[in-house]
file structure28.cif (mmCIF, C-alpha atoms and all ligand atoms)
data_input
loop_
_atom_site.label_atom_id
_atom_site.label_comp_id
_atom_site.auth_asym_id
_atom_site.auth_seq_id
_atom_site.Cartn_x
_atom_site.Cartn_y
_atom_site.Cartn_z
CA MET A 1 26.19 -13.71 33.86
CA ASN A 2 23.07 -14.44 31.91
CA ILE A 3 23.01 -18.19 31.19
CA ILE A 4 20.72 -19.53 28.49
CA LYS A 5 20.41 -23.32 28.30
CA VAL A 6 18.99 -24.88 25.18
CA LYS A 7 18.63 -28.42 23.90
CA ASP A 8 21.31 -28.84 21.29
CA TYR A 9 23.76 -27.22 18.88
CA GLU A 10 20.97 -26.32 16.44
CA ALA A 11 19.03 -24.41 19.10
CA LEU A 12 22.19 -22.79 20.45
CA SER A 13 23.12 -21.59 16.96
CA GLU A 14 19.67 -20.11 16.49
CA VAL A 15 19.48 -18.33 19.86
CA ALA A 16 22.99 -16.91 19.57
CA ALA A 17 22.48 -15.83 15.95
CA ASN A 18 19.31 -14.00 16.96
CA ILE A 19 21.21 -12.10 19.65
CA ILE A 20 23.68 -10.90 17.01
CA ILE A 21 20.96 -10.14 14.45
CA GLU A 22 19.04 -8.03 16.97
CA ALA A 23 22.23 -6.20 17.92
CA VAL A 24 23.01 -5.42 14.26
CA LYS A 25 19.45 -4.24 13.65
CA SER A 26 19.49 -1.96 16.68
CA LYS A 27 22.91 -0.53 15.78
CA PRO A 28 23.69 -0.80 12.04
CA GLU A 29 27.20 0.61 12.60
CA ILE A 30 27.96 -1.95 15.29
CA SER A 31 31.48 -3.14 16.00
CA LEU A 32 31.49 -6.92 16.40
CA GLY A 33 34.23 -9.09 17.83
CA LEU A 34 34.18 -12.44 16.03
CA ALA A 35 35.42 -15.95 16.70
CA THR A 36 36.30 -18.99 14.62
CA GLY A 37 36.24 -22.73 15.35
CA GLY A 38 33.51 -25.32 15.18
CA SER A 39 31.17 -23.62 17.64
CA PRO A 40 30.09 -20.61 15.54
CA VAL A 41 29.79 -22.36 12.15
CA GLN A 42 26.01 -22.86 12.30
CA LEU A 43 25.55 -19.46 13.94
CA TYR A 44 27.24 -17.81 10.96
CA ALA A 45 25.12 -19.91 8.57
CA ASN A 46 22.07 -18.54 10.38
CA LEU A 47 23.31 -14.96 9.94
CA VAL A 48 23.77 -15.62 6.21
CA LYS A 49 20.30 -17.17 5.94
CA ASP A 50 18.76 -14.20 7.76
CA HIS A 51 20.67 -11.77 5.55
CA LYS A 52 19.28 -13.45 2.44
CA GLU A 53 15.72 -13.85 3.72
CA ASN A 54 15.24 -10.75 5.87
CA LYS A 55 17.83 -8.42 4.35
CA THR A 56 19.59 -7.65 7.64
CA SER A 57 22.45 -5.50 6.41
CA TYR A 58 26.10 -5.61 7.43
CA ALA A 59 27.05 -2.66 5.22
CA GLY A 60 27.81 -0.49 8.26
CA VAL A 61 29.25 -3.24 10.47
CA SER A 62 32.91 -3.45 11.49
CA THR A 63 34.44 -6.71 12.71
CA TYR A 64 37.53 -7.64 14.71
CA ASN A 65 38.53 -11.28 14.96
CA LEU A 66 40.03 -12.74 18.09
CA ASP A 67 43.01 -14.47 16.60
CA GLU A 68 44.92 -15.89 13.66
CA TYR A 69 47.49 -18.66 13.26
CA ILE A 70 51.09 -17.63 12.78
CA GLY A 71 52.73 -19.03 9.68
CA LEU A 72 49.60 -19.32 7.55
CA ASP A 73 49.07 -16.82 4.79
CA PRO A 74 45.66 -15.10 5.01
CA SER A 75 44.76 -17.00 1.81
CA HIS A 76 45.67 -20.43 3.32
CA GLU A 77 42.61 -22.66 3.41
CA GLN A 78 42.88 -23.15 7.20
CA SER A 79 43.62 -19.54 8.08
CA TYR A 80 40.99 -17.81 10.15
CA ASN A 81 40.85 -15.14 7.46
CA THR A 82 39.67 -17.82 5.00
CA PHE A 83 37.31 -19.29 7.60
CA MET A 84 35.59 -15.93 8.05
CA LYS A 85 35.27 -15.36 4.31
CA ASN A 86 33.88 -18.86 3.72
CA ASN A 87 31.47 -18.82 6.63
CA LEU A 88 30.32 -15.20 6.70
CA PHE A 89 32.03 -12.35 4.88
CA ASN A 90 31.57 -13.68 1.33
CA HIS A 91 27.86 -14.21 1.89
CA VAL A 92 26.69 -10.91 3.40
CA ASP A 93 26.96 -7.28 2.31
CA ILE A 94 29.83 -6.42 4.66
CA ASN A 95 32.48 -4.00 3.37
CA LEU A 96 35.77 -5.97 3.47
CA ALA A 97 37.56 -2.72 4.30
CA ASN A 98 35.77 -2.93 7.67
CA VAL A 99 36.84 -6.46 8.60
CA HIS A 100 39.94 -6.86 10.70
CA LEU A 101 41.99 -9.92 11.59
CA PRO A 102 45.58 -10.19 12.71
CA ASN A 103 47.84 -11.19 9.82
CA GLY A 104 49.74 -14.36 10.68
CA ASN A 105 52.16 -14.06 7.80
CA THR A 106 54.12 -10.85 8.29
CA SER A 107 57.88 -10.52 8.77
CA ASP A 108 57.41 -9.15 12.31
CA HIS A 109 54.74 -10.94 14.37
CA GLU A 110 55.31 -8.81 17.47
CA ALA A 111 54.75 -5.62 15.47
CA GLU A 112 51.64 -7.13 13.92
CA ALA A 113 50.26 -8.00 17.38
CA LYS A 114 50.92 -4.42 18.49
CA ARG A 115 49.23 -3.03 15.38
CA PHE A 116 46.15 -5.15 16.04
CA GLU A 117 45.99 -4.23 19.72
CA GLU A 118 46.08 -0.54 18.80
CA LEU A 119 43.39 -1.05 16.20
CA VAL A 120 41.12 -2.67 18.78
CA ALA A 121 42.05 -0.05 21.40
CA ASN A 122 40.87 2.66 19.03
CA THR A 123 37.40 1.20 18.75
CA THR A 124 34.80 -0.05 21.18
CA ILE A 125 33.70 -3.56 20.45
CA ASP A 126 29.98 -3.56 21.17
CA LEU A 127 29.53 -7.31 21.16
CA GLN A 128 32.27 -9.94 21.32
CA LEU A 129 31.47 -13.51 20.31
CA LEU A 130 33.53 -16.21 22.03
CA GLY A 131 33.89 -19.96 21.99
CA ILE A 132 35.71 -21.72 24.80
CA GLY A 133 38.45 -24.33 24.67
CA THR A 134 38.17 -27.62 26.53
CA ASN A 135 40.90 -26.15 28.76
CA GLY A 136 38.99 -22.90 29.29
CA HIS A 137 40.91 -20.81 26.79
CA ILE A 138 39.28 -17.83 25.11
CA GLY A 139 40.86 -16.70 21.88
CA PHE A 140 44.20 -18.49 22.12
CA ASN A 141 44.73 -17.37 25.72
CA GLU A 142 45.78 -20.65 27.23
CA PRO A 143 45.70 -21.47 30.97
CA GLY A 144 48.00 -19.14 32.91
CA SER A 145 47.39 -16.16 30.59
CA SER A 146 47.20 -12.83 32.40
CA PHE A 147 43.75 -11.34 32.84
CA ASP A 148 45.34 -8.02 31.79
CA GLY A 149 46.88 -9.46 28.63
CA LYS A 150 46.93 -7.52 25.38
CA THR A 151 47.07 -8.83 21.82
CA ALA A 152 50.26 -10.88 21.61
CA VAL A 153 52.13 -13.72 19.97
CA VAL A 154 51.11 -16.80 21.94
CA ASP A 155 52.06 -20.47 22.03
CA LEU A 156 49.34 -23.06 21.58
CA VAL A 157 49.34 -25.81 24.20
CA GLN A 158 49.31 -29.48 23.22
CA GLU A 159 45.59 -29.88 24.08
CA THR A 160 44.70 -27.11 21.64
CA ILE A 161 46.96 -28.51 18.91
CA GLU A 162 45.34 -31.94 19.32
CA SER A 163 41.89 -30.41 19.28
CA ASN A 164 42.57 -28.40 16.11
CA ALA A 165 44.33 -31.21 14.23
CA ARG A 166 40.91 -32.19 12.85
CA TYR A 167 41.18 -29.22 10.51
CA PHE A 168 44.67 -30.26 9.35
CA GLU A 169 44.07 -33.76 7.97
CA GLY A 170 44.13 -35.03 11.56
CA ASN A 171 47.88 -34.38 11.57
CA GLU A 172 49.13 -32.51 14.65
CA ASP A 173 52.40 -31.75 12.87
CA LEU A 174 50.54 -29.52 10.40
CA VAL A 175 48.88 -27.39 13.11
CA PRO A 176 50.65 -24.07 13.67
CA THR A 177 52.18 -23.86 17.13
CA GLN A 178 51.74 -20.12 17.58
CA ALA A 179 49.07 -17.54 16.98
CA ILE A 180 48.42 -13.84 17.35
CA SER A 181 45.55 -13.50 19.80
CA MET A 182 43.69 -10.71 21.49
CA GLY A 183 44.58 -10.89 25.17
CA VAL A 184 42.10 -11.53 27.96
CA GLY A 185 42.37 -7.83 28.81
CA THR A 186 41.59 -6.89 25.20
CA ILE A 187 38.53 -9.15 25.23
CA MET A 188 37.33 -7.76 28.57
CA ARG A 189 37.08 -4.24 27.11
CA ALA A 190 34.15 -5.30 24.90
CA LYS A 191 30.88 -3.78 26.07
CA ALA A 192 29.04 -7.09 25.89
CA ILE A 193 30.18 -10.68 25.50
CA LEU A 194 28.35 -13.66 24.03
CA LEU A 195 29.98 -17.03 24.73
CA ILE A 196 28.71 -20.21 23.14
CA ALA A 197 29.56 -23.79 24.11
CA SER A 198 28.26 -27.07 22.80
CA GLY A 199 29.10 -30.66 23.63
CA LYS A 200 30.18 -32.82 26.57
CA ASN A 201 33.85 -31.99 26.01
CA LYS A 202 33.11 -28.41 27.10
CA ALA A 203 31.18 -29.35 30.26
CA GLU A 204 34.17 -29.24 32.66
CA ALA A 205 35.32 -25.84 31.43
CA ILE A 206 31.76 -24.49 31.65
CA LYS A 207 31.33 -25.80 35.19
CA TRP A 208 34.53 -24.03 36.22
CA LEU A 209 33.56 -20.85 34.36
CA VAL A 210 30.15 -20.66 36.04
CA GLU A 211 30.74 -22.22 39.46
CA GLY A 212 34.48 -22.45 40.03
CA GLU A 213 37.20 -20.16 41.22
CA VAL A 214 38.04 -17.04 39.19
CA SER A 215 41.60 -17.85 38.23
CA GLU A 216 44.08 -17.34 35.41
CA ASP A 217 44.26 -21.15 35.31
CA LEU A 218 40.91 -20.95 33.50
CA PRO A 219 41.19 -17.85 31.27
CA ALA A 220 37.42 -17.78 30.60
CA SER A 221 36.75 -17.27 34.32
CA ALA A 222 37.83 -13.63 33.82
CA LEU A 223 34.36 -13.17 32.35
CA ARG A 224 32.87 -13.46 35.84
CA ASN A 225 34.31 -9.95 36.40
CA HIS A 226 32.62 -8.57 33.27
CA PRO A 227 29.31 -6.72 33.69
CA ASN A 228 27.55 -7.94 30.54
CA VAL A 229 28.09 -11.59 29.63
CA THR A 230 25.58 -13.95 28.04
CA ILE A 231 26.42 -17.65 27.82
CA VAL A 232 24.44 -19.93 25.53
CA LEU A 233 24.90 -23.62 26.30
CA ASP A 234 23.46 -26.80 24.94
CA GLU A 235 22.42 -29.60 27.31
CA ASP A 236 25.73 -31.42 26.98
CA ALA A 237 27.87 -28.36 27.73
CA ALA A 238 25.60 -27.53 30.71
CA SER A 239 25.46 -31.13 31.96
CA LEU A 240 27.81 -30.67 34.94
CA LEU A 241 26.22 -27.45 36.24
CA GLN A 242 24.50 -27.63 39.65
P1 LIG A 301 35.65 -24.94 18.93
O1 LIG A 301 36.82 -24.13 19.61
O2 LIG A 301 34.54 -23.94 18.69
O3 LIG A 301 36.21 -25.47 17.69
O4 LIG A 301 35.23 -25.98 19.92
C1 LIG A 301 36.55 -23.20 20.59
C2 LIG A 301 37.83 -22.64 21.11
O5 LIG A 301 38.85 -23.36 21.10
O6 LIG A 301 37.84 -21.49 21.56
#

call {"tool": "encode", "arguments": {"input": "structure28.cif", "output": "structure tokens"}}
result
Amino acid sequence: MNIIKVKDYEALSEVAANIIIEAVKSKPEISLGLATGGSPVQLYANLVKDHKENKTSYAGVSTYNLDEYIGLDPSHEQSYNTFMKNNLFNHVDINLANVHLPNGNTSDHEAEAKRFEELVANTTIDLQLLGIGTNGHIGFNEPGSSFDGKTAVVDLVQETIESNARYFEGNEDLVPTQAISMGVGTIMRAKAILLIASGKNKAEAIKWLVEGEVSEDLPASALRNHPNVTIVLDEDAASLLQ
């Protein structure tokens, strides 16, 4: 694993955005795996800024998002579909026909998970962006998830619901309890992985990911078995590393 430590969230967002920008420039038809959450917000803002200033084009880029809440229509303001439009897709020249997220509002969630897994299986994700949960989840693969897991309907654990309540008026009762998420096995098929983590609340998970036991109890530790992983950390997230 290539570990890059930087001072703060600003620096992390710049370094990680530059990795994606260089990847897009070197392969204009790149297939990107994308993530939502607080961690990549400034990174996406940097991609938009670079697109406007330097004309980096996304016209040939395809994207596949990690996950989506079950029970929220794609147009819901807290859906990950809306997040991606607000933070990236609406501000660059990407073709919306080439962006892919699971749909959390179909009549058959299992069938939708299968459809999405097949879609991802039929492509090669060149670069997968990941955040990490305070409990070490990647996507919505909570502790105990199989390292071989495929895209599936998953239950969110209480820690994740509490952590995401900030986007739902601080009200845990409004947070969906299930999601459709790429599995750890789906994620591991990406050619390269870029994980970003910022803040003291991520330090324990990062310590385990980098120095601890490879175990399904910390889903992110699967990445230790992946040949091409870059982790960008700010000082707080790296603060417990030896
Ligand atoms: P965050 O979430 O970026 O909002 O901290 C990361 C995650 O839960 O994977």

call {"tool": "atom_distance", "arguments": {"input": "structure28.cif", "atom1": "atom CA of A:Gly139", "atom2": "atom CA of A:Ser79"}}
result
14.4 Å

call {"tool": "residues_near_ligand", "arguments": {"input": "structure28.cif", "ligand": "ligand LIG 301 (chain A)", "cutoff": "7 Å", "atoms": "all atoms listed in the file", "output": "list in words"}}
result
Thr36, Gly37, Gly38, Ser39, Pro40, Leu130, Gly131, Ile132, Gly133, Thr134, His137, Ile138, Gly139 and Thr160 of chain A

call {"tool": "closest_residue", "arguments": {"input": "structure28.cif", "among": "A:Gly136, A:Pro102, A:Pro28, A:Gly199", "to": "A:Pro219", "atoms": "only C-alpha atoms"}}
result
A:Gly136

call {"tool": "closest_residue", "arguments": {"input": "structure28.cif", "among": "A:Asn2, A:Ala16, A:Lys85, A:Ala179", "to": "A:His226", "atoms": "all atoms listed in the file"}}
result
A:Asn2

call {"tool": "closest_atom_pairs", "arguments": {"input": "structure28.cif", "of": "stretch 140-208 of chain A", "to": "stretch 118-126 of chain A", "cutoff": "12 Å", "atoms": "all atoms listed in the file", "output": "Markdown table"}}
result
| residue | atom | partner | partner_atom | distance |
| --- | --- | --- | --- | --- |
| A:Lys150 | CA | A:Glu118 | CA | 9.6 |
| A:Thr151 | CA | A:Glu118 | CA | 8.9 |
| A:Ala152 | CA | A:Glu118 | CA | 11.5 |
| A:Ser181 | CA | A:Val120 | CA | 11.7 |
| A:Met182 | CA | A:Val120 | CA | 8.9 |
| A:Gly183 | CA | A:Val120 | CA | 11.0 |
| A:Gly185 | CA | A:Ala121 | CA | 10.7 |
| A:Thr186 | CA | A:Val120 | CA | 7.7 |
| A:Ile187 | CA | A:Ile125 | CA | 8.8 |
| A:Met188 | CA | A:Ile125 | CA | 9.8 |
| A:Arg189 | CA | A:Ile125 | CA | 7.5 |
| A:Ala190 | CA | A:Ile125 | CA | 4.8 |
| A:Lys191 | CA | A:Asp126 | CA | 5.0 |
| A:Ala192 | CA | A:Asp126 | CA | 6.0 |
| A:Ile193 | CA | A:Asp126 | CA | 8.3 |
| A:Leu194 | CA | A:Asp126 | CA | 10.6 |

call {"tool": "residues_around", "arguments": {"input": "structure28.cif", "residues": "A:Ala17", "least_positions_apart": "3", "cutoff": "8 Å", "atoms": "only C-alpha atoms", "output": "ChimeraX atom specification"}}
result
/A:13-14,20-21,43-44,46-47

call {"tool": "residues_near_point", "arguments": {"input": "structure28.cif", "point": "(31.6, -4.8, 7.2)", "cutoff": "8 Å", "atoms": "only C-alpha atoms", "output": "mmCIF file with C-alpha atoms, in the coordinates of the input"}}
result
data_model
loop_
_atom_site.group_PDB
_atom_site.id
_atom_site.type_symbol
_atom_site.label_atom_id
_atom_site.label_comp_id
_atom_site.auth_asym_id
_atom_site.auth_seq_id
_atom_site.Cartn_x
_atom_site.Cartn_y
_atom_site.Cartn_z
ATOM 1 C CA TYR A 58 26.100 -5.610 7.430
ATOM 2 C CA ALA A 59 27.050 -2.660 5.220
ATOM 3 C CA GLY A 60 27.810 -0.490 8.260
ATOM 4 C CA VAL A 61 29.250 -3.240 10.470
ATOM 5 C CA SER A 62 32.910 -3.450 11.490
ATOM 6 C CA THR A 63 34.440 -6.710 12.710
ATOM 7 C CA PHE A 89 32.030 -12.350 4.880
ATOM 8 C CA ASP A 93 26.960 -7.280 2.310
ATOM 9 C CA ILE A 94 29.830 -6.420 4.660
ATOM 10 C CA ASN A 95 32.480 -4.000 3.370
ATOM 11 C CA LEU A 96 35.770 -5.970 3.470
ATOM 12 C CA ALA A 97 37.560 -2.720 4.300
ATOM 13 C CA ASN A 98 35.770 -2.930 7.670
ATOM 14 C CA VAL A 99 36.840 -6.460 8.600
#

call {"tool": "atom_distance", "arguments": {"input": "structure28.cif", "atom1": "atom CA of A:Ile4", "atom2": "atom CA of A:Leu195"}}
result
10.3 Å

call {"tool": "residues_near_point", "arguments": {"input": "structure28.cif", "point": "(49.1, -33.0, 16.2)", "cutoff": "12 Å", "atoms": "all atoms listed in the file", "output": "PDB file with C-alpha atoms, in the frame of the given file"}}
result
ATOM      1  CA  LEU A 156      49.340 -23.060  21.580  1.00  0.00           C
ATOM      2  CA  VAL A 157      49.340 -25.810  24.200  1.00  0.00           C
ATOM      3  CA  GLN A 158      49.310 -29.480  23.220  1.00  0.00           C
ATOM      4  CA  GLU A 159      45.590 -29.880  24.080  1.00  0.00           C
ATOM      5  CA  THR A 160      44.700 -27.110  21.640  1.00  0.00           C
ATOM      6  CA  ILE A 161      46.960 -28.510  18.910  1.00  0.00           C
ATOM      7  CA  GLU A 162      45.340 -31.940  19.320  1.00  0.00           C
ATOM      8  CA  SER A 163      41.890 -30.410  19.280  1.00  0.00           C
ATOM      9  CA  ASN A 164      42.570 -28.400  16.110  1.00  0.00           C
ATOM     10  CA  ALA A 165      44.330 -31.210  14.230  1.00  0.00           C
ATOM     11  CA  ARG A 166      40.910 -32.190  12.850  1.00  0.00           C
ATOM     12  CA  TYR A 167      41.180 -29.220  10.510  1.00  0.00           C
ATOM     13  CA  PHE A 168      44.670 -30.260   9.350  1.00  0.00           C
ATOM     14  CA  GLU A 169      44.070 -33.760   7.970  1.00  0.00           C
ATOM     15  CA  GLY A 170      44.130 -35.030  11.560  1.00  0.00           C
ATOM     16  CA  ASN A 171      47.880 -34.380  11.570  1.00  0.00           C
ATOM     17  CA  GLU A 172      49.130 -32.510  14.650  1.00  0.00           C
ATOM     18  CA  ASP A 173      52.400 -31.750  12.870  1.00  0.00           C
ATOM     19  CA  LEU A 174      50.540 -29.520  10.400  1.00  0.00           C
ATOM     20  CA  VAL A 175      48.880 -27.390  13.110  1.00  0.00           C
ATOM     21  CA  PRO A 176      50.650 -24.070  13.670  1.00  0.00           C
ATOM     22  CA  THR A 177      52.180 -23.860  17.130  1.00  0.00           C
TER      23      THR A 177
END

call {"tool": "atom_distance", "arguments": {"input": "structure28.cif", "atom1": "atom CA of A:Ile19", "atom2": "atom CA of A:Pro143"}}
result
28.6 Å

call {"tool": "closest_residue", "arguments": {"input": "structure28.cif", "among": "A:Asn228, A:Gln78, A:Asn105, A:Asn141", "to": "A:Leu66", "atoms": "all atoms listed in the file"}}
result
A:Asn141
